[in-house]
$ cat coords17.csv   # CSV, C-alpha atoms and all ligand atoms
chain,number,residue,atom,x,y,z
A,29,MET,CA,19.1,-26.9,6.3
A,30,ARG,CA,17.6,-27.3,2.8
A,31,LEU,CA,15.0,-24.7,2.0
A,32,ALA,CA,12.1,-24.7,-0.4
A,33,GLU,CA,12.9,-23.7,-4.0
A,34,ARG,CA,10.1,-21.1,-3.9
A,35,LEU,CA,12.4,-19.0,-1.6
A,36,GLN,CA,14.8,-18.5,-4.5
A,37,GLN,CA,12.2,-16.5,-6.4
A,38,ILE,CA,11.7,-13.8,-3.7
A,39,LYS,CA,13.6,-11.2,-1.8
A,40,PRO,CA,13.0,-9.9,1.7
A,41,SER,CA,10.7,-6.9,1.8
A,42,ALA,CA,12.9,-3.9,0.8
A,43,THR,CA,10.8,-1.4,2.8
A,44,LEU,CA,11.1,-3.5,6.0
A,45,ALA,CA,14.8,-4.1,5.3
A,46,VAL,CA,15.6,-0.3,5.0
A,47,ALA,CA,13.6,0.4,8.2
A,48,ALA,CA,15.5,-2.4,10.0
A,49,LYS,CA,18.9,-1.1,8.7
A,50,ALA,CA,18.1,2.5,9.8
A,51,ALA,CA,17.0,1.2,13.3
A,52,GLU,CA,20.2,-0.8,13.6
A,53,LEU,CA,22.4,2.2,12.7
A,54,LYS,CA,20.5,4.4,15.1
A,55,ALA,CA,20.9,1.8,17.9
A,56,ALA,CA,24.6,1.8,17.2
A,57,GLY,CA,24.7,5.5,17.9
A,58,GLN,CA,24.6,6.9,14.4
A,59,ASP,CA,22.6,9.9,13.7
A,60,VAL,CA,20.5,8.3,10.9
A,61,ILE,CA,17.3,9.8,9.6
A,62,GLY,CA,14.9,7.0,8.5
A,63,LEU,CA,12.6,8.0,5.6
A,64,GLY,CA,12.2,4.3,4.7
A,65,THR,CA,9.3,3.2,6.8
A,66,GLY,CA,5.8,3.6,5.6
A,67,GLU,CA,3.9,4.0,8.8
A,68,PRO,CA,2.1,7.0,10.3
A,69,ASP,CA,4.1,8.8,13.0
A,70,PHE,CA,0.9,9.6,14.9
A,71,ALA,CA,-0.5,8.0,18.0
A,72,THR,CA,-3.3,5.3,17.7
A,73,PRO,CA,-6.6,7.1,18.6
A,74,ALA,CA,-7.8,6.9,22.2
A,75,SER,CA,-11.0,5.2,21.0
A,76,ALA,CA,-8.9,2.2,19.8
A,77,CYS,CA,-6.7,2.0,22.9
A,78,GLU,CA,-9.7,2.3,25.3
A,79,ALA,CA,-11.6,-0.4,23.3
A,80,ALA,CA,-8.5,-2.7,23.6
A,81,VAL,CA,-8.2,-2.2,27.4
A,82,ALA,CA,-11.9,-2.8,27.8
A,83,ALA,CA,-11.7,-6.0,25.7
A,84,MET,CA,-8.9,-7.3,27.9
A,85,GLN,CA,-10.7,-6.5,31.1
A,86,ALA,CA,-13.8,-8.2,29.7
A,87,GLY,CA,-11.9,-11.4,29.0
A,88,GLN,CA,-11.9,-11.1,25.2
A,89,THR,CA,-8.6,-12.9,25.2
A,90,LYS,CA,-9.6,-16.1,23.5
A,91,TYR,CA,-9.9,-17.4,19.9
A,92,THR,CA,-12.5,-15.5,17.9
A,93,ALA,CA,-14.3,-16.6,14.7
A,94,VAL,CA,-11.5,-17.3,12.2
A,95,ASP,CA,-12.7,-14.6,9.8
A,96,GLY,CA,-13.3,-11.9,12.5
A,97,THR,CA,-15.7,-11.1,15.3
A,98,ALA,CA,-19.3,-10.2,14.5
A,99,GLU,CA,-18.7,-6.7,16.0
A,100,LEU,CA,-15.7,-5.9,13.8
A,101,LYS,CA,-17.5,-7.2,10.6
A,102,GLN,CA,-20.4,-4.9,11.5
A,103,ALA,CA,-18.0,-2.0,11.9
A,104,ILE,CA,-16.4,-2.7,8.6
A,105,ILE,CA,-19.8,-3.0,6.9
A,106,ALA,CA,-20.8,0.3,8.4
A,107,LYS,CA,-17.5,1.9,7.2
A,108,LEU,CA,-17.9,0.6,3.7
A,109,ARG,CA,-21.4,2.0,3.5
A,110,ARG,CA,-20.5,5.3,5.2
A,111,ASP,CA,-17.2,6.1,3.3
A,112,ASN,CA,-17.7,4.2,0.0
A,113,GLY,CA,-21.4,3.7,-0.5
A,114,LEU,CA,-20.8,-0.1,-0.7
A,115,LEU,CA,-23.1,-2.7,0.6
A,116,TYR,CA,-21.6,-5.9,1.9
A,117,SER,CA,-22.8,-8.7,4.2
A,118,PRO,CA,-20.8,-10.5,6.9
A,119,ALA,CA,-20.3,-13.5,4.6
A,120,GLU,CA,-18.5,-11.2,2.1
A,121,ILE,CA,-15.9,-9.9,4.6
A,122,ILE,CA,-12.8,-11.4,6.1
A,123,VAL,CA,-10.5,-9.9,8.8
A,124,SER,CA,-6.8,-10.9,8.7
A,125,THR,CA,-3.5,-10.1,10.4
A,126,GLY,CA,-3.0,-6.9,8.4
A,127,ALA,CA,-4.1,-6.1,4.8
A,128,LYS,CA,-0.8,-7.8,3.9
A,129,GLN,CA,-2.2,-11.2,5.0
A,130,CYS,CA,-5.5,-10.5,3.3
A,131,LEU,CA,-3.6,-10.0,0.0
A,132,PHE,CA,-1.5,-13.0,0.5
A,133,ASN,CA,-4.5,-15.3,1.4
A,134,MET,CA,-6.4,-13.9,-1.5
A,135,LEU,CA,-3.7,-14.8,-3.9
A,136,LEU,CA,-3.3,-18.2,-2.3
A,137,ALA,CA,-7.0,-18.8,-2.7
A,138,MET,CA,-7.1,-17.6,-6.4
A,139,LEU,CA,-4.0,-18.7,-8.3
A,140,ASN,CA,-3.0,-21.9,-9.8
A,141,PRO,CA,0.7,-22.4,-10.7
A,142,GLY,CA,1.5,-20.4,-13.8
A,143,ASP,CA,-1.5,-18.1,-13.5
A,144,GLU,CA,-0.6,-14.5,-14.4
A,145,VAL,CA,-1.4,-11.4,-12.4
A,146,LEU,CA,-1.2,-7.9,-14.0
A,147,VAL,CA,0.7,-5.7,-11.6
A,148,PRO,CA,0.8,-2.0,-12.6
A,149,THR,CA,4.2,-0.7,-11.6
A,150,PRO,CA,5.6,1.2,-9.8
A,151,CYS,CA,3.9,-1.0,-7.2
A,152,TRP,CA,4.3,-1.8,-3.5
A,153,VAL,CA,7.3,-4.1,-3.0
A,154,SER,CA,5.2,-7.0,-1.8
A,155,TYR,CA,2.8,-7.5,-4.7
A,156,PRO,CA,5.1,-9.3,-7.2
A,157,ASP,CA,6.8,-11.5,-4.5
A,158,MET,CA,3.5,-12.5,-3.0
A,159,VAL,CA,2.3,-13.6,-6.4
A,160,ARG,CA,5.5,-15.6,-6.9
A,161,LEU,CA,5.3,-17.2,-3.4
A,162,VAL,CA,2.0,-18.8,-4.3
A,163,GLY,CA,3.2,-20.0,-7.6
A,164,GLY,CA,1.8,-17.3,-9.8
A,165,VAL,CA,3.5,-15.1,-12.4
A,166,PRO,CA,3.5,-11.3,-11.8
A,167,VAL,CA,3.3,-9.4,-15.1
A,168,GLU,CA,4.5,-5.9,-14.4
A,169,VAL,CA,2.9,-3.2,-16.5
A,170,PHE,CA,5.0,-0.1,-16.2
A,171,ALA,CA,3.5,3.4,-16.1
A,172,SER,CA,5.9,6.2,-16.3
A,173,SER,CA,5.8,9.6,-14.5
A,174,ARG,CA,4.6,11.1,-17.7
A,175,GLN,CA,1.3,9.3,-17.2
A,176,GLN,CA,1.3,10.0,-13.4
A,177,PHE,CA,2.4,6.4,-12.9
A,178,LYS,CA,-1.1,5.1,-13.8
A,179,VAL,CA,-1.7,2.4,-16.4
A,180,THR,CA,-4.0,2.6,-19.3
A,181,PRO,CA,-6.4,0.0,-20.8
A,182,GLU,CA,-4.1,-0.1,-23.9
A,183,GLN,CA,-1.1,-1.1,-21.8
A,184,LEU,CA,-3.1,-3.8,-20.0
A,185,GLU,CA,-4.4,-5.1,-23.3
A,186,GLN,CA,-0.8,-5.6,-24.5
A,187,ALA,CA,0.1,-7.5,-21.3
A,188,VAL,CA,-3.0,-9.8,-21.1
A,189,THR,CA,-2.7,-13.5,-22.0
A,190,PRO,CA,-5.1,-16.5,-21.7
A,191,LYS,CA,-3.5,-17.1,-18.3
A,192,THR,CA,-4.3,-13.7,-16.8
A,193,ARG,CA,-6.5,-14.1,-13.8
A,194,LEU,CA,-6.1,-10.9,-11.8
A,195,LEU,CA,-5.4,-7.2,-11.9
A,196,MET,CA,-3.9,-5.7,-8.7
A,197,LEU,CA,-4.8,-2.0,-8.3
A,198,ASN,CA,-3.7,0.3,-5.5
A,199,SER,CA,-4.9,3.8,-5.2
A,200,PRO,CA,-3.6,6.1,-3.7
A,201,SER,CA,-0.5,4.2,-4.6
A,202,ASN,CA,2.5,3.1,-2.6
A,203,PRO,CA,5.1,4.3,-3.7
A,204,THR,CA,3.8,7.0,-6.1
A,205,GLY,CA,1.0,8.6,-4.1
A,206,MET,CA,-1.0,8.9,-7.3
A,207,ALA,CA,-4.8,8.1,-7.3
A,208,TYR,CA,-7.0,7.0,-10.2
A,209,SER,CA,-10.0,9.3,-11.0
A,210,LYS,CA,-13.5,8.0,-11.5
A,211,ASP,CA,-13.0,8.4,-15.3
A,212,GLU,CA,-9.8,6.5,-15.3
A,213,TYR,CA,-11.4,3.7,-13.3
A,214,ARG,CA,-14.3,3.7,-15.8
A,215,ALA,CA,-11.9,3.3,-18.6
A,216,LEU,CA,-10.4,0.3,-16.9
A,217,ALA,CA,-13.9,-1.1,-16.3
A,218,GLU,CA,-14.7,-0.8,-20.0
A,219,TRP,CA,-11.6,-2.9,-20.7
A,220,LEU,CA,-12.5,-5.4,-18.0
A,221,ARG,CA,-15.9,-5.8,-19.5
A,222,ARG,CA,-14.2,-7.4,-22.5
A,223,HIS,CA,-12.2,-9.7,-20.2
A,224,PRO,CA,-14.7,-11.4,-17.9
A,225,GLU,CA,-12.1,-13.9,-16.7
A,226,ILE,CA,-10.0,-11.2,-15.0
A,227,ALA,CA,-10.7,-10.3,-11.3
A,228,VAL,CA,-9.6,-7.1,-9.7
A,229,SER,CA,-8.1,-6.4,-6.3
A,230,SER,CA,-8.3,-2.8,-5.2
A,231,ASP,CA,-6.0,-2.0,-2.3
A,232,GLU,CA,-7.5,1.2,-0.7
A,233,ILE,CA,-5.4,1.3,2.4
A,234,TYR,CA,-4.4,4.9,1.8
A,235,GLU,CA,-8.0,6.0,1.2
A,236,HIS,CA,-8.0,8.5,4.1
A,237,ILE,CA,-4.6,10.0,3.3
A,238,TYR,CA,-5.8,11.7,0.2
A,239,TRP,CA,-6.0,15.3,-1.1
A,240,GLY,CA,-6.7,14.8,-4.8
A,241,GLU,CA,-8.9,17.2,-6.7
A,242,GLU,CA,-11.9,14.8,-7.0
A,243,PRO,CA,-13.2,13.1,-3.9
A,244,PHE,CA,-11.7,9.7,-3.2
A,245,ILE,CA,-13.5,7.0,-5.0
A,246,SER,CA,-13.4,3.3,-4.3
A,247,PHE,CA,-13.0,1.0,-7.4
A,248,GLY,CA,-16.1,-0.8,-6.1
A,249,SER,CA,-18.3,2.3,-6.2
A,250,ALA,CA,-16.8,3.5,-9.5
A,251,CYS,CA,-17.5,0.1,-11.1
A,252,PRO,CA,-20.5,-1.5,-9.4
A,253,GLU,CA,-21.3,-3.7,-12.4
A,254,LEU,CA,-18.0,-5.6,-11.6
A,255,ARG,CA,-19.0,-6.3,-8.0
A,256,ASP,CA,-18.8,-10.1,-8.3
A,257,ARG,CA,-15.1,-10.0,-9.3
A,258,ILE,CA,-13.8,-7.1,-7.2
A,259,MET,CA,-11.9,-7.5,-3.9
A,260,ILE,CA,-11.7,-4.3,-1.8
A,261,ILE,CA,-8.7,-4.4,0.6
A,262,ASN,CA,-8.4,-2.0,3.4
A,263,GLY,CA,-7.4,-1.9,7.1
A,264,VAL,CA,-6.7,0.3,10.1
A,265,SER,CA,-2.9,0.5,9.8
A,266,LYS,CA,-2.8,3.8,7.8
A,267,ALA,CA,-6.0,5.6,8.6
A,268,TYR,CA,-5.7,5.1,12.4
A,269,ALA,CA,-2.0,4.8,12.8
A,270,MET,CA,-2.4,1.2,13.9
A,271,THR,CA,0.4,-0.6,12.0
A,272,GLY,CA,1.4,-2.7,14.9
A,273,TRP,CA,-2.0,-3.9,15.8
A,274,ARG,CA,-2.2,-5.9,12.5
A,275,ILE,CA,-5.8,-5.6,11.4
A,276,GLY,CA,-6.8,-5.6,7.7
A,277,TYR,CA,-9.8,-6.7,5.9
A,278,LEU,CA,-11.1,-7.8,2.5
A,279,ALA,CA,-14.6,-7.5,1.1
A,280,GLY,CA,-15.3,-9.6,-1.9
A,281,PRO,CA,-17.3,-12.5,-3.4
A,282,GLU,CA,-18.6,-15.0,-0.8
A,283,ALA,CA,-16.9,-18.0,-2.5
A,284,LEU,CA,-13.5,-16.3,-2.2
A,285,ILE,CA,-14.1,-15.3,1.4
A,286,THR,CA,-15.0,-18.9,2.2
A,287,ALA,CA,-11.8,-20.1,0.5
A,288,MET,CA,-9.7,-17.5,2.4
A,289,ARG,CA,-11.4,-18.6,5.7
A,290,LYS,CA,-10.4,-22.2,5.0
A,291,ILE,CA,-6.8,-21.1,4.4
A,292,GLN,CA,-6.7,-18.9,7.5
A,293,SER,CA,-8.3,-21.7,9.6
A,294,GLN,CA,-5.3,-23.9,8.7
A,295,SER,CA,-2.6,-21.3,9.2
A,296,THR,CA,-3.0,-18.3,11.5
A,297,SER,CA,-6.7,-18.6,12.7
A,298,ASN,CA,-8.2,-15.3,13.8
A,299,ALA,CA,-6.4,-12.0,14.0
A,300,CYS,CA,-5.6,-10.9,17.6
A,301,SER,CA,-8.8,-10.6,19.6
A,302,ILE,CA,-7.7,-7.5,21.4
A,303,ALA,CA,-6.6,-5.8,18.2
A,304,GLN,CA,-10.0,-6.6,16.6
A,305,ALA,CA,-11.7,-4.9,19.5
A,306,ALA,CA,-9.4,-1.9,19.0
A,307,ALA,CA,-10.3,-1.7,15.3
A,308,VAL,CA,-14.0,-1.6,16.2
A,309,GLY,CA,-13.2,1.3,18.6
A,310,ALA,CA,-11.3,3.1,15.8
A,311,LEU,CA,-13.9,2.5,13.1
A,312,HIS,CA,-16.8,3.6,15.4
A,313,GLY,CA,-14.9,6.3,17.2
A,314,ASP,CA,-14.5,10.0,16.5
A,315,GLN,CA,-13.0,10.4,13.0
A,316,HIS,CA,-11.7,14.0,13.5
A,317,GLY,CA,-8.2,12.7,14.1
A,318,VAL,CA,-8.1,11.2,10.7
A,319,THR,CA,-8.8,14.6,9.1
A,320,LEU,CA,-6.1,16.2,11.2
A,321,MET,CA,-3.6,13.6,10.2
A,322,ARG,CA,-4.5,13.9,6.6
A,323,ASP,CA,-4.0,17.7,6.7
A,324,GLU,CA,-0.6,17.3,8.3
A,325,PHE,CA,0.5,14.8,5.6
A,326,GLN,CA,-0.7,17.2,2.9
A,327,ARG,CA,1.3,20.1,4.5
A,328,ARG,CA,4.4,17.9,4.6
A,329,HIS,CA,3.8,16.8,1.0
A,330,ASN,CA,3.5,20.3,-0.3
A,331,TRP,CA,6.7,21.3,1.4
A,332,LEU,CA,8.7,18.2,0.5
A,333,ILE,CA,7.8,18.2,-3.2
A,334,GLN,CA,8.9,21.8,-3.6
A,335,ALA,CA,12.1,21.2,-1.6
A,336,LEU,CA,13.0,18.1,-3.7
A,337,ASN,CA,12.5,20.0,-6.9
A,338,ASP,CA,14.8,22.7,-5.7
A,339,ILE,CA,17.7,20.2,-5.5
A,340,PRO,CA,19.6,20.1,-8.8
A,341,GLY,CA,19.2,16.8,-10.6
A,342,VAL,CA,16.0,15.8,-8.8
A,343,THR,CA,12.5,16.0,-10.1
A,344,CYS,CA,9.3,15.2,-8.2
A,345,GLN,CA,5.7,15.4,-9.2
A,346,PRO,CA,3.1,16.4,-6.6
A,347,CYS,CA,0.8,13.5,-5.8
A,348,ASP,CA,-2.8,12.9,-4.5
A,349,GLY,CA,-2.2,11.0,-1.3
A,350,ALA,CA,-0.4,8.4,0.8
A,351,PHE,CA,2.8,9.6,2.5
A,352,TYR,CA,5.6,9.0,0.0
A,353,ALA,CA,7.4,11.3,-2.4
A,354,PHE,CA,8.7,9.4,-5.4
A,355,PRO,CA,11.3,11.6,-7.1
A,356,SER,CA,13.5,10.8,-10.0
A,357,PHE,CA,17.2,11.1,-9.1
A,358,SER,CA,18.3,9.9,-12.6
A,359,GLU,CA,20.2,13.1,-13.3
A,360,ALA,CA,21.8,13.2,-9.9
A,361,ILE,CA,22.9,9.6,-10.3
A,362,VAL,CA,24.9,10.4,-13.4
A,363,SER,CA,26.8,13.1,-11.6
A,364,ILE,CA,28.0,11.1,-8.6
A,365,SER,CA,31.1,9.1,-9.1
A,366,GLY,CA,30.9,5.5,-8.0
A,367,VAL,CA,27.1,5.5,-8.2
A,368,SER,CA,25.4,4.0,-11.2
A,369,ASP,CA,21.8,3.3,-10.1
A,370,ASP,CA,19.2,4.0,-7.5
A,371,ALA,CA,20.2,1.1,-5.2
A,372,GLU,CA,23.8,2.4,-5.1
A,373,LEU,CA,22.5,5.9,-4.6
A,374,ALA,CA,20.4,4.8,-1.6
A,375,GLU,CA,23.5,3.2,0.0
A,376,TRP,CA,25.5,6.3,-0.8
A,377,LEU,CA,22.9,8.6,0.8
A,378,LEU,CA,22.9,6.4,3.9
A,379,GLU,CA,26.7,6.8,4.1
A,380,HIS,CA,27.1,10.4,3.0
A,381,ALA,CA,23.9,12.0,4.2
A,382,GLN,CA,22.9,9.5,6.9
A,383,VAL,CA,19.4,9.4,5.4
A,384,ALA,CA,17.7,6.1,4.8
A,385,VAL,CA,15.4,5.9,1.7
A,386,VAL,CA,14.1,3.0,-0.4
A,387,PRO,CA,15.5,2.5,-3.9
A,388,GLY,CA,12.8,2.9,-6.6
A,389,SER,CA,13.9,-0.3,-8.3
A,390,ALA,CA,12.4,-2.2,-5.3
A,391,PHE,CA,9.0,-0.9,-6.6
A,392,GLY,CA,9.9,-1.5,-10.3
A,393,ALA,CA,11.0,2.0,-11.0
A,394,PRO,CA,14.8,2.4,-11.4
A,395,GLY,CA,16.2,5.9,-11.1
A,396,HIS,CA,13.7,6.9,-8.4
A,397,LEU,CA,13.9,6.9,-4.6
A,398,ARG,CA,11.0,6.6,-2.2
A,399,LEU,CA,11.0,9.1,0.7
A,400,SER,CA,8.4,8.6,3.4
A,401,PHE,CA,7.1,11.8,4.9
A,402,ALA,CA,5.5,10.0,7.8
A,403,THR,CA,7.8,11.9,10.1
A,404,SER,CA,7.9,15.5,11.5
A,405,MET,CA,8.6,18.6,9.4
A,406,GLU,CA,11.7,19.2,11.4
A,407,VAL,CA,13.1,15.8,10.5
A,408,LEU,CA,12.1,16.2,6.9
A,409,GLN,CA,13.8,19.6,6.7
A,410,GLU,CA,17.0,18.2,8.2
A,411,ALA,CA,16.8,15.2,5.8
A,412,VAL,CA,16.5,17.4,2.7
A,413,LYS,CA,19.3,19.6,3.9
A,414,ARG,CA,21.6,16.6,4.3
A,415,ILE,CA,20.6,15.2,0.9
A,416,ARG,CA,21.1,18.5,-0.8
A,417,SER,CA,24.5,19.1,0.7
A,418,ALA,CA,25.7,15.6,0.1
A,419,LEU,CA,24.7,15.9,-3.6
A,420,SER,CA,26.4,19.3,-4.0
B,501,LIG,N1,-1.0,-2.3,0.9
B,501,LIG,C1,-0.2,-1.3,0.7
B,501,LIG,C2,-0.1,-0.6,-0.6
B,501,LIG,C3,0.7,-0.9,1.8
B,501,LIG,O1,1.5,0.1,1.6
B,501,LIG,C4,0.6,-1.6,3.0
B,501,LIG,C5,1.5,-1.2,4.1
B,501,LIG,N2,2.8,-1.7,4.0
B,501,LIG,C6,-0.2,-2.7,3.1
B,501,LIG,C7,-1.0,-3.0,2.0
B,501,LIG,C8,-0.3,-3.6,4.3
B,501,LIG,O2,-0.8,-2.9,5.4
B,501,LIG,P1,-1.0,-3.7,6.7
B,501,LIG,O3,-0.6,-5.2,6.5
B,501,LIG,O4,-0.3,-3.0,7.8
B,501,LIG,O5,-2.5,-3.7,7.0
B,502,LIG,N1,3.5,0.3,3.8
B,502,LIG,C1,4.8,0.3,4.4
B,502,LIG,C2,5.9,0.4,3.4
B,502,LIG,O1,5.7,0.2,2.2
B,502,LIG,C3,5.0,-0.8,5.5
B,502,LIG,C4,6.2,-1.7,5.3
B,502,LIG,C5,5.7,-2.9,4.4
B,502,LIG,O2,5.0,-3.7,4.9
B,502,LIG,O3,6.1,-2.9,3.3
B,502,LIG,O4,7.0,0.9,3.8
$ encode --input "coords17.csv" --output "structure tokens"
Amino acid sequence: MRLAERLQQIKPSATLAVAAKAAELKAAGQDVIGLGTGEPDFATPASACEAAVAAMQAGQTKYTAVDGTAELKQAIIAKLRRDNGLLYSPAEIIVSTGAKQCLFNMLLAMLNPGDEVLVPTPCWVSYPDMVRLVGGVPVEVFASSRQQFKVTPEQLEQAVTPKTRLLMLNSPSNPTGMAYSKDEYRALAEWLRRHPEIAVSSDEIYEHIYWGEEPFISFGSACPELRDRIMIINGVSKAYAMTGWRIGYLAGPEALITAMRKIQSQSTSNACSIAQAAAVGALHGDQHGVTLMRDEFQRRHNWLIQALNDIPGVTCQPCDGAFYAFPSFSEAIVSISGVSDDAELAEWLLEHAQVAVVPGSAFGAPGHLRLSFATSMEVLQEAVKRIRSALS
């Protein structure tokens, strides 16, 4: 079978690959601890499950509007107003099969071959490959741990060319957990004012898993003057532990939403009708569970950062949110014979500590590992114990 050339430019998702590998080893009877997967280990709220059952019983099992049901769009509009102070109309919202599909369709709708996209790195594994898949060129702008993994306008200015069309932001970040402050966003907005041809996507899917000093701020509310070129991406996967339901949404300029709807109408059509009803239940339901989940993630974060820093050769900064620790193992790598980089270290840890983690290079940050703390404290403690003893 001859495959399309575009496939040669991309790799399978490293996060999903690590999760699959850990599951495979576990199924084969090995005592592997998976810290690869980035999905909450909590139950989907009852409000969502009950809404799904009610939708099935009411016969909501047919196609819906391609871009999402009226009820879900209203729930999203209410959420954007309640949590972010943002005002959107139904024509400025699209619902897709996960935030992942929103991002993909957005890129498909925006980029011509050769168009460049500024991707601050470390970034989520899928950003650069999604850009490549639609014929664009990802331009990675690296921000080191010394700058809390956050890019500055000066760095962006150095990377910009006449072909730059988009800047892809993600705060709190997967994999670093760092979040931009209002002032940092304002500095980026100042820079963007001088580049009117560059649009911005702001992936805010970890919004509710956040414990930073300042209250969480959406890029849209920090920079209202850029509204006509901002895309806000969010979904129910992380806030409501609904990764499997596959509901994400994008709020942005109507012309882009129309284009994305056209793409979706010729590819996947609407996201699952029952999952859309469940998302309405989650967004309208009791939000207390979100706070409890956030508190638990923060407790694990505080413990894990300290425990990682206690391992010789490992350094890890505390972060503002999400559920990943992103320590540097550079010094540890030098001390292990047969291991020369983070990818080999991840393999080595799987073999010698039976802990599955994602190599930092998959996110554009060699020398680091990503450890998901979306798992119980007991499991985390056991994982750290194993890593520590393997390294010593
Ligand atoms: N953006 C980021 C930064 C993510 O980590 C994820 C989860 N992998 C997504 C988007 C996609 O989430 P989903 O497709 O489950 O809505
Ligand atoms: N957000 C998760 C992760 O990064 C989910 C897996 C994925 O889609 O990448 O691990």
$ closest_residue --input "coords17.csv" --among "A:Ala56, A:Ile233, A:Ile302, A:Val123" --to "ligand LIG 502 (chain B)" --atoms "all atoms listed in the file"
A:Ile233
$ residues_around --input "coords17.csv" --residues "segment 370-377 of chain A" --least-positions-apart "3" --cutoff "10 Å" --atoms "all atoms listed in the file" --output "PyMOL selection string"
chain A and resi 46+356-358+360-361+364+366-367+380-390+393-398+414-415+418-419
$ atom_distance --input "coords17.csv" --atom1 "atom CA of Lys191 of chain A" --atom2 "atom CA of Leu146 of chain A"
10.4 Å
$ residues_near_ligand --input "coords17.csv" --ligand "ligand LIG 501 (chain B)" --cutoff "7 Å" --atoms "all atoms listed in the file" --output "ChimeraX atom specification"
/A:66,125-129,152,198,201-202,231,233,263-265,271,274-276
$ residues_around --input "coords17.csv" --residues "segment 76-92 of chain A" --least-positions-apart "6" --cutoff "9 Å" --atoms "only C-alpha atoms" --output "count of residues only"
18
$ residues_near_ligand --input "coords17.csv" --ligand "ligand LIG 502 (chain B)" --cutoff "6 Å" --atoms "all atoms listed in the file" --output "PyMOL selection string"
chain A and resi 43-44+65-67
$ atom_distance --input "coords17.csv" --atom1 "atom CA of Arg328 of chain A" --atom2 "atom CA of Cys344 of chain A"
14.0 Å
$ atom_distance --input "coords17.csv" --atom1 "atom CA of Thr189 of chain A" --atom2 "atom CA of Ile226 of chain A"
10.4 Å
$ residues_around --input "coords17.csv" --residues "Ala353 of chain A" --least-positions-apart "2" --cutoff "7 Å" --atoms "all atoms listed in the file" --output "PyMOL selection string"
chain A and resi 204+333+351+355+398-400
$ residues_near_point --input "coords17.csv" --point "(-5.4, -14.5, -18.7)" --cutoff "10 Å" --atoms "all atoms listed in the file" --output "number ranges by chain"
A: 143-146, 187-195, 223-226
$ closest_residue --input "coords17.csv" --among "A:Ser117, A:Gln292, A:Thr149, A:Gln183" --to "Ala93 of chain A" --atoms "all atoms listed in the file"
A:Gln292
$ closest_residue --input "coords17.csv" --among "A:Cys151, A:Ile121, A:Ala171, A:Leu114" --to "Lys101 of chain A" --atoms "all atoms listed in the file"
A:Ile121
$ residues_around --input "coords17.csv" --residues "Val159 of chain A" --least-positions-apart "5" --cutoff "9 Å" --atoms "all atoms listed in the file" --output "PDB file with C-alpha atoms, in the frame of the given file"
ATOM      1  CA  PHE A 132      -1.500 -13.000   0.500  1.00  0.00           C
ATOM      2  CA  LEU A 135      -3.700 -14.800  -3.900  1.00  0.00           C
ATOM      3  CA  LEU A 136      -3.300 -18.200  -2.300  1.00  0.00           C
ATOM      4  CA  LEU A 139      -4.000 -18.700  -8.300  1.00  0.00           C
ATOM      5  CA  GLU A 144      -0.600 -14.500 -14.400  1.00  0.00           C
ATOM      6  CA  VAL A 145      -1.400 -11.400 -12.400  1.00  0.00           C
ATOM      7  CA  SER A 154       5.200  -7.000  -1.800  1.00  0.00           C
ATOM      8  CA  GLY A 164       1.800 -17.300  -9.800  1.00  0.00           C
ATOM      9  CA  VAL A 165       3.500 -15.100 -12.400  1.00  0.00           C
ATOM     10  CA  PRO A 166       3.500 -11.300 -11.800  1.00  0.00           C
TER      11      PRO A 166
END
$ residues_around --input "coords17.csv" --residues "Leu108 of chain A" --least-positions-apart "2" --cutoff "12 Å" --atoms "all atoms listed in the file" --output "PyMOL selection string"
chain A and resi 101-106+110-118+120-121+232+235+245-246+248-249+260-263+277-280+311
